[in-house]
Amino acid sequence: MTHLSGGEGFSVVPDHATCNIDIRLTRAFDGDKAMRWLEEIVRAVDPQSRIETIDHWPAYLVEPDHDLVRSFSAAAERTFGRRVPADVCGPSNIGQPFGGARRADDLCARRQLRQHACGQ
């Protein structure tokens, strides 16, 4: 959930509320599955609720044989002394591991990589 609003004051029960939700899609959890999942949750709370999709993007995947993937995989293997399987990661969530608004000259501390690759 990225935003929740409703009502006019602390002790006023609102007649409606709005909740913005950001769902990150993967190859296995696509837009259709995400919508079914969300509808099931929302309808369990209030069958009359309305769900509106504002924007959506399919999961993005860099092909496993792309130079970027091979470079990162080689660097991870050198860093951790073992093969680290490549998987989809992102887009970023601000405040989450590997997250933050992406920008030019961005970086990720080895400590963060080690935590997620090795569980340390």
# chains A, B, ... in the order shown; residues from 1 in each chain; ligands from 1
>>> residues_around(residues="segment 15-27 of chain A", least_positions_apart="5", cutoff="7 Å", atoms="only C-alpha atoms", output="VMD selection string")
chain A and resid 1 to 6 58 to 59
>>> atom_distance(atom1="atom CA of Asp65 of chain A", atom2="atom CA of Ala28 of chain A")
20.2 Å
>>> decode(residues="segment 8-103 of chain A", atoms="C-alpha atoms", output="CSV table (one decimal), in the first residue's frame")
chain,number,residue,atom,x,y,z
A,8,GLU,CA,-12.3,14.6,7.1
A,9,GLY,CA,-11.1,14.4,10.6
A,10,PHE,CA,-9.9,12.2,13.5
A,11,SER,CA,-13.3,11.2,14.8
A,12,VAL,CA,-15.3,11.2,11.5
A,13,VAL,CA,-16.2,7.9,10.0
A,14,PRO,CA,-15.7,8.3,6.2
A,15,ASP,CA,-18.4,7.2,3.7
A,16,HIS,CA,-15.6,6.0,1.4
A,17,ALA,CA,-11.9,5.4,1.4
A,18,THR,CA,-9.2,5.2,-1.3
A,19,CYS,CA,-6.2,2.9,-1.1
A,20,ASN,CA,-3.4,3.0,-3.6
A,21,ILE,CA,-1.5,-0.3,-4.0
A,22,ASP,CA,1.7,-1.0,-5.9
A,23,ILE,CA,2.1,-4.6,-6.9
A,24,ARG,CA,5.4,-5.7,-8.5
A,25,LEU,CA,4.8,-8.3,-11.2
A,26,THR,CA,7.1,-11.2,-12.0
A,27,ARG,CA,7.1,-13.8,-14.8
A,28,ALA,CA,5.1,-16.2,-12.5
A,29,PHE,CA,2.8,-13.5,-10.9
A,30,ASP,CA,1.6,-11.5,-13.9
A,31,GLY,CA,-1.1,-8.8,-14.1
A,32,ASP,CA,-4.0,-11.2,-14.4
A,33,LYS,CA,-2.9,-13.2,-11.4
A,34,ALA,CA,-2.2,-10.0,-9.4
A,35,MET,CA,-5.7,-8.7,-10.2
A,36,ARG,CA,-7.4,-12.0,-9.2
A,37,TRP,CA,-5.4,-12.0,-5.9
A,38,LEU,CA,-6.3,-8.4,-5.1
A,39,GLU,CA,-10.0,-8.9,-6.0
A,40,GLU,CA,-10.2,-11.9,-3.7
A,41,ILE,CA,-8.8,-9.9,-0.8
A,42,VAL,CA,-10.9,-6.7,-1.5
A,43,ARG,CA,-14.1,-8.6,-2.0
A,44,ALA,CA,-13.6,-10.5,1.2
A,45,VAL,CA,-13.7,-7.2,3.0
A,46,ASP,CA,-16.4,-5.4,1.0
A,47,PRO,CA,-18.1,-7.1,-2.0
A,48,GLN,CA,-19.2,-3.7,-3.3
A,49,SER,CA,-15.7,-2.2,-3.5
A,50,ARG,CA,-14.4,-1.0,-6.9
A,51,ILE,CA,-10.9,-1.7,-8.1
A,52,GLU,CA,-9.4,0.7,-10.7
A,53,THR,CA,-6.1,0.0,-12.4
A,54,ILE,CA,-4.2,3.3,-12.9
A,55,ASP,CA,-1.1,2.0,-14.6
A,56,HIS,CA,0.6,-1.3,-15.2
A,57,TRP,CA,3.8,-2.7,-16.7
A,58,PRO,CA,4.7,-6.3,-17.4
A,59,ALA,CA,7.6,-7.9,-15.6
A,60,TYR,CA,10.9,-7.0,-17.2
A,61,LEU,CA,13.6,-9.6,-17.8
A,62,VAL,CA,17.0,-9.1,-19.2
A,63,GLU,CA,17.9,-12.3,-21.1
A,64,PRO,CA,20.2,-14.6,-19.2
A,65,ASP,CA,22.9,-14.5,-21.9
A,66,HIS,CA,23.0,-10.7,-22.0
A,67,ASP,CA,26.4,-9.2,-21.3
A,68,LEU,CA,25.1,-7.4,-18.3
A,69,VAL,CA,23.7,-10.5,-16.7
A,70,ARG,CA,26.9,-12.5,-17.4
A,71,SER,CA,29.0,-9.6,-15.9
A,72,PHE,CA,26.9,-9.4,-12.7
A,73,SER,CA,26.9,-13.2,-12.4
A,74,ALA,CA,30.7,-13.3,-12.7
A,75,ALA,CA,31.2,-10.5,-10.2
A,76,ALA,CA,28.9,-12.3,-7.7
A,77,GLU,CA,30.8,-15.6,-8.1
A,78,ARG,CA,34.1,-13.8,-7.5
A,79,THR,CA,32.7,-12.0,-4.5
A,80,PHE,CA,31.0,-14.9,-2.8
A,81,GLY,CA,33.2,-17.8,-4.0
A,82,ARG,CA,30.3,-19.7,-5.4
A,83,ARG,CA,27.7,-19.5,-8.2
A,84,VAL,CA,24.8,-17.2,-7.3
A,85,PRO,CA,21.7,-17.9,-9.4
A,86,ALA,CA,20.4,-15.0,-11.4
A,87,ASP,CA,16.7,-14.0,-10.9
A,88,VAL,CA,14.4,-11.1,-11.5
A,89,CYS,CA,14.9,-8.3,-9.0
A,90,GLY,CA,13.0,-5.0,-9.2
A,91,PRO,CA,11.9,-2.5,-10.1
A,92,SER,CA,13.1,-1.0,-6.9
A,93,ASN,CA,11.1,-0.3,-3.8
A,94,ILE,CA,12.2,2.8,-2.0
A,95,GLY,CA,13.4,2.0,1.5
A,96,GLN,CA,13.9,-1.7,0.7
A,97,PRO,CA,17.1,-3.7,0.1
A,98,PHE,CA,18.4,-2.8,-3.3
A,99,GLY,CA,15.7,-0.1,-3.3
A,100,GLY,CA,15.7,3.6,-3.6
A,101,ALA,CA,15.0,5.8,-6.5
A,102,ARG,CA,17.4,4.6,-9.2
A,103,ARG,CA,19.7,7.2,-10.7
